[in-house]
>>> print(open('upload_31.csv').read())   # CSV, C-alpha atoms
chain,number,residue,atom,x,y,z
C,1,MET,CA,0.0,0.0,0.0
C,2,LEU,CA,2.8,2.4,0.8
C,3,LEU,CA,4.4,1.8,-2.6
C,4,SER,CA,1.2,2.7,-4.4
C,5,LEU,CA,0.5,6.0,-2.6
C,6,ASP,CA,2.1,9.0,-4.1
C,7,ASP,CA,4.2,10.7,-1.4
C,8,GLU,CA,3.1,14.2,-2.1
C,9,SER,CA,-0.5,14.0,-3.5
C,10,GLY,CA,-1.5,10.9,-1.5
C,11,VAL,CA,-3.3,9.5,-4.6
C,12,ALA,CA,-3.0,5.8,-5.1
C,13,LYS,CA,-1.3,4.7,-8.3
C,14,ASP,CA,-2.6,1.7,-10.3
C,15,ARG,CA,-5.4,1.3,-7.8
C,16,ALA,CA,-7.0,-1.8,-9.2
C,17,SER,CA,-3.8,-3.9,-9.3
C,18,ALA,CA,-2.6,-2.5,-6.0
C,19,GLY,CA,-5.8,-3.5,-4.3
C,20,TRP,CA,-5.4,-7.1,-5.4
C,21,ALA,CA,-1.8,-7.1,-4.2
C,22,VAL,CA,-2.8,-5.7,-0.8
C,23,ALA,CA,-5.5,-8.2,-0.3
C,24,GLY,CA,-3.2,-11.0,-1.5
C,25,GLY,CA,-0.5,-9.7,0.8
C,26,ILE,CA,-2.7,-10.0,3.8
C,27,LEU,CA,-3.5,-13.6,2.9
C,28,LEU,CA,0.1,-14.4,2.4
C,29,GLU,CA,1.1,-12.9,5.7
C,30,LEU,CA,-1.6,-15.1,7.4
C,31,ALA,CA,-0.2,-18.1,5.6
C,32,MET,CA,3.4,-17.3,6.7
C,33,ARG,CA,2.1,-17.0,10.3
C,34,HIS,CA,0.4,-20.4,9.9
C,35,ARG,CA,-3.1,-19.1,10.4
C,36,ILE,CA,-4.3,-20.2,7.0
C,37,GLN,CA,-3.3,-22.6,4.2
C,38,VAL,CA,-3.9,-22.3,0.5
C,39,THR,CA,-4.2,-25.4,-1.6
C,40,SER,CA,-5.2,-25.5,-5.3
C,41,GLY,CA,-6.6,-22.0,-5.2
C,42,ARG,CA,-8.7,-22.6,-2.0
C,43,VAL,CA,-8.1,-21.2,1.4
C,44,GLY,CA,-8.6,-23.0,4.7
C,45,ILE,CA,-8.4,-21.7,8.3
C,46,THR,CA,-5.8,-23.6,10.4
C,47,ASP,CA,-5.5,-21.3,13.5
C,48,THR,CA,-7.7,-18.4,14.7
C,49,SER,CA,-5.5,-17.3,17.6
C,50,THR,CA,-4.4,-13.7,17.6
C,51,THR,CA,-1.4,-12.7,15.6
C,52,GLY,CA,-0.7,-9.6,17.8
C,53,ASP,CA,-1.4,-7.4,14.8
C,54,GLU,CA,-4.8,-5.6,14.8
C,55,LEU,CA,-5.0,-5.4,11.0
C,56,LEU,CA,-4.3,-9.1,10.5
C,57,ASP,CA,-6.5,-10.2,13.4
C,58,GLU,CA,-9.5,-8.3,12.0
C,59,ARG,CA,-8.9,-9.7,8.5
C,60,LEU,CA,-8.5,-13.2,9.9
C,61,ARG,CA,-11.9,-12.9,11.7
C,62,ARG,CA,-13.6,-11.8,8.5
C,63,LEU,CA,-11.9,-14.5,6.5
C,64,ALA,CA,-12.8,-17.2,9.0
C,65,ASP,CA,-16.5,-16.1,8.9
C,66,TRP,CA,-16.5,-16.1,5.1
C,67,VAL,CA,-14.9,-19.5,4.8
C,68,HIS,CA,-17.5,-20.9,7.3
C,69,ARG,CA,-20.3,-19.5,5.1
C,70,ASN,CA,-18.8,-20.2,1.7
C,71,ARG,CA,-17.5,-23.8,1.6
C,72,SER,CA,-15.8,-23.3,-1.8
C,73,GLY,CA,-13.1,-21.1,-0.2
C,74,LYS,CA,-11.8,-20.0,-3.6
C,75,ILE,CA,-9.1,-17.4,-3.4
C,76,THR,CA,-10.5,-15.6,-6.5
C,77,ASP,CA,-13.9,-15.2,-4.7
C,78,TRP,CA,-12.3,-13.9,-1.5
C,79,LEU,CA,-9.9,-11.4,-3.3
C,80,THR,CA,-12.8,-10.1,-5.4
C,81,LYS,CA,-14.9,-9.6,-2.3
C,82,ASP,CA,-12.2,-8.3,0.0
C,83,GLN,CA,-9.8,-6.2,-2.0
C,84,ALA,CA,-11.5,-2.8,-1.5
C,85,THR,CA,-12.1,-3.5,2.2
C,86,ALA,CA,-8.6,-4.7,2.7
C,87,VAL,CA,-7.2,-1.5,1.1
C,88,ARG,CA,-9.3,0.7,3.4
C,89,ALA,CA,-8.3,-1.3,6.5
C,90,THR,CA,-4.6,-1.2,5.5
C,91,VAL,CA,-4.7,2.6,4.9
C,92,ARG,CA,-6.4,3.1,8.2
C,93,SER,CA,-3.6,1.0,9.8
C,94,LEU,CA,-0.9,3.2,8.1
C,95,CYS,CA,-2.6,6.3,9.4
C,96,GLU,CA,-2.7,4.9,12.9
C,97,ARG,CA,1.0,4.2,12.7
C,98,GLY,CA,1.7,7.7,11.5
C,99,LEU,CA,3.1,6.7,8.1
C,100,VAL,CA,0.6,8.6,6.1
C,101,ALA,CA,-1.8,11.4,6.9
C,102,GLU,CA,-5.5,11.6,5.9
C,103,GLU,CA,-6.5,14.7,3.9
C,104,ARG,CA,-10.1,15.3,2.9
C,105,HIS,CA,-11.1,17.4,-0.1
C,106,ARG,CA,-14.1,18.0,-2.3
C,107,THR,CA,-13.9,17.7,-6.0
C,108,LEU,CA,-15.8,20.5,-7.7
C,109,GLY,CA,-16.9,21.5,-4.3
C,110,LEU,CA,-19.3,18.5,-4.2
C,111,PHE,CA,-17.7,15.1,-4.1
C,112,PRO,CA,-15.7,14.1,-1.0
C,113,VAL,CA,-12.2,12.7,-1.8
C,114,ARG,CA,-9.7,11.3,0.7
C,115,ARG,CA,-6.0,11.3,0.0
C,116,TYR,CA,-3.1,10.0,2.0
C,117,PRO,CA,0.2,11.8,1.6
C,118,GLU,CA,3.4,10.6,3.3
C,119,ALA,CA,3.9,11.6,6.9
C,120,ASP,CA,6.9,9.4,7.8
C,121,GLY,CA,8.9,8.1,4.9
C,122,THR,CA,11.3,5.9,6.9
C,123,VAL,CA,9.4,2.6,6.4
C,124,GLU,CA,8.9,3.1,2.7
C,125,ARG,CA,12.5,4.1,2.1
C,126,GLU,CA,13.7,1.0,4.0
C,127,LEU,CA,11.3,-1.1,1.9
C,128,ARG,CA,12.4,0.3,-1.4
C,129,ASP,CA,16.1,0.0,-0.4
C,130,ARG,CA,15.4,-3.7,0.4
C,131,LEU,CA,13.7,-4.3,-2.9
C,132,ALA,CA,16.5,-2.6,-4.8
C,133,ARG,CA,19.2,-4.7,-3.1
C,134,VAL,CA,17.4,-7.9,-4.0
C,135,VAL,CA,16.1,-7.1,-7.5
C,136,LEU,CA,18.6,-4.6,-8.9
C,137,GLN,CA,21.8,-5.6,-7.0
C,138,GLY,CA,21.2,-9.4,-6.8
C,139,ALA,CA,21.3,-9.7,-3.0
C,140,ARG,CA,19.8,-12.9,-1.6
C,141,PRO,CA,16.2,-12.2,-0.4
C,142,ASP,CA,14.8,-13.3,2.9
C,143,ASN,CA,11.4,-15.0,2.9
C,144,ARG,CA,9.4,-11.8,3.5
C,145,THR,CA,11.1,-9.9,0.7
C,146,SER,CA,10.7,-12.8,-1.7
C,147,ALA,CA,7.0,-12.9,-0.9
C,148,LEU,CA,6.6,-9.2,-1.5
C,149,VAL,CA,8.5,-9.5,-4.8
C,150,ALA,CA,6.3,-12.4,-5.9
C,151,LEU,CA,3.1,-10.4,-5.1
C,152,LEU,CA,4.3,-7.3,-6.9
C,153,HIS,CA,5.3,-9.4,-9.9
C,154,GLY,CA,2.0,-11.3,-9.9
C,155,ALA,CA,0.0,-8.1,-9.8
C,156,ARG,CA,2.2,-6.5,-12.5
C,157,LEU,CA,3.3,-3.6,-10.3
C,158,HIS,CA,6.8,-3.5,-11.6
C,159,GLY,CA,6.5,0.3,-12.3
C,160,ILE,CA,5.3,1.1,-8.8
C,161,ALA,CA,8.1,-1.0,-7.2
C,162,PHE,CA,10.8,0.5,-9.4
C,163,PRO,CA,9.6,3.8,-10.9
C,164,GLY,CA,11.9,5.0,-13.7
C,165,VAL,CA,13.4,1.6,-14.3
C,166,PRO,CA,12.4,-0.2,-17.5
C,167,ARG,CA,10.2,-3.2,-16.8
C,168,LYS,CA,12.4,-5.4,-18.9
C,169,GLU,CA,15.2,-4.8,-16.5
C,170,VAL,CA,13.4,-6.0,-13.4
C,171,GLU,CA,10.7,-8.4,-14.6
C,172,PRO,CA,13.1,-11.4,-15.2
C,173,ARG,CA,14.7,-11.1,-11.8
C,174,MET,CA,11.3,-10.7,-10.1
C,175,ALA,CA,10.0,-13.8,-11.9
C,176,THR,CA,13.1,-15.8,-10.8
C,177,ILE,CA,12.6,-14.8,-7.1
C,178,ALA,CA,8.9,-15.6,-7.3
C,179,GLU,CA,9.7,-19.1,-8.5
C,180,GLY,CA,12.7,-19.6,-6.2
C,181,GLN,CA,13.0,-22.3,-3.5
C,182,TRP,CA,12.9,-19.7,-0.7
C,183,ALA,CA,10.0,-20.8,1.5
C,184,ALA,CA,8.3,-23.8,2.9
C,185,ASP,CA,6.2,-25.8,0.4
C,186,SER,CA,2.8,-24.6,1.8
C,187,VAL,CA,3.8,-21.0,1.6
C,188,ARG,CA,5.3,-21.3,-1.8
C,189,ARG,CA,2.1,-23.0,-3.1
C,190,ALA,CA,0.1,-20.2,-1.6
C,191,ILE,CA,2.2,-17.6,-3.4
C,192,ARG,CA,1.9,-19.4,-6.7
C,193,ASP,CA,-1.9,-19.7,-6.3
C,194,MET,CA,-2.3,-16.1,-5.4
C,195,GLN,CA,0.1,-14.9,-8.0
C,196,ALA,CA,-1.7,-16.8,-10.7
C,197,THR,CA,-5.0,-15.5,-9.6
C,198,MET,CA,-3.8,-11.9,-9.5
C,199,ALA,CA,-2.1,-12.1,-12.8
C,200,ALA,CA,-5.3,-13.4,-14.4
C,201,VAL,CA,-7.6,-10.8,-12.8
C,202,THR,CA,-5.3,-7.9,-13.4
C,203,ALA,CA,-5.0,-8.9,-17.1
C,204,VAL,CA,-8.7,-8.9,-17.4
C,205,THR,CA,-8.9,-5.5,-15.7
C,206,VAL,CA,-6.3,-4.0,-18.0
C,207,ILE,CA,-8.2,-5.3,-21.1
C,208,ALA,CA,-11.5,-4.0,-19.8
C,209,CYS,CA,-10.0,-0.5,-19.2
C,210,THR,CA,-8.5,-0.2,-22.7
>>> encode(input="upload_31.csv", output="structure tokens")
Amino acid sequence: MLLSLDDESGVAKDRASAGWAVAGGILLELAMRHRIQVTSGRVGITDTSTTGDELLDERLRRLADWVHRNRSGKITDWLTKDQATAVRATVRSLCERGLVAEERHRTLGLFPVRRYPEADGTVERELRDRLARVVLQGARPDNRTSALVALLHGARLHGIAFPGVPRKEVEPRMATIAEGQWAADSVRRAIRDMQATMAAVTAVTVIACT
């Protein structure tokens, strides 16, 4: 979410794809914390105990309720349902942490608009530095950075992750990391399922908008 928000204007860039990545990122974080498992494009709840993170705990409660009511448990269905809500919850969390500030405006004096310019750039700078070391400089990624790279690659957010760098210079390396043997099998399968889902949905979104 931080990567998608313009530091000065607070406007989200590539909102549709970023929304899918944020929702997918929350699922992946829950998988890495062993609260869910993803198999063949379906999500199951394995542990409903608290993670200690308010954002994740709230999303886990919603997800557990949804899985209970929707036995199919398809990732595609959950991401479609959750991505807008996940973005709002994530932005609220960023505001509470003091990383972005909420500004309210009215377009044409009528329509309310909320924007979220940067308030504290230290976390985003560290994140971009970490991505640059791994993707541009070839450093060995840890599990969390690998997961983020895979999500960004699956959602086709190469330009948001590396503004000003030609996509052809980062896409091969990001693809390699996304396919690497860097995590436990269950998490790696979850990444691949979500990555495939996001790639398919964002491709349809791009076609629909052109």
>>> atom_distance(input="upload_31.csv", atom1="atom CA of Ser49 of chain C", atom2="atom CA of Val149 of chain C")
27.5 Å
>>> atom_distance(input="upload_31.csv", atom1="atom CA of Asp7 of chain C", atom2="atom CA of Pro117 of chain C")
5.1 Å
>>> residues_around(input="upload_31.csv", residues="Leu94 of chain C", least_positions_apart="5", cutoff="10 Å", atoms="all atoms listed in the file", output="PyMOL selection string")
chain C and resi 1-2+55+88-89+99-102+116+118-120
>>> residues_near_point(input="upload_31.csv", point="(6.5, -2.5, -4.9)", cutoff="12 Å", atoms="all atoms listed in the file", output="PyMOL selection string")
chain C and resi 1-5+13-14+17-18+21-22+25+124-132+135+145-163+170+174
>>> residues_around(input="upload_31.csv", residues="Ala64 of chain C", least_positions_apart="2", cutoff="12 Å", atoms="only C-alpha atoms", output="list of chain:residue names")
C:Leu27, C:Leu30, C:Arg35, C:Ile36, C:Gln37, C:Val43, C:Gly44, C:Ile45, C:Thr46, C:Asp47, C:Thr48, C:Ser49, C:Leu56, C:Asp57, C:Glu58, C:Arg59, C:Leu60, C:Arg61, C:Arg62, C:Trp66, C:Val67, C:His68, C:Arg69, C:Asn70, C:Arg71, C:Gly73, C:Trp78
>>> atom_distance(input="upload_31.csv", atom1="atom CA of Asp142 of chain C", atom2="atom CA of Trp20 of chain C")
22.7 Å
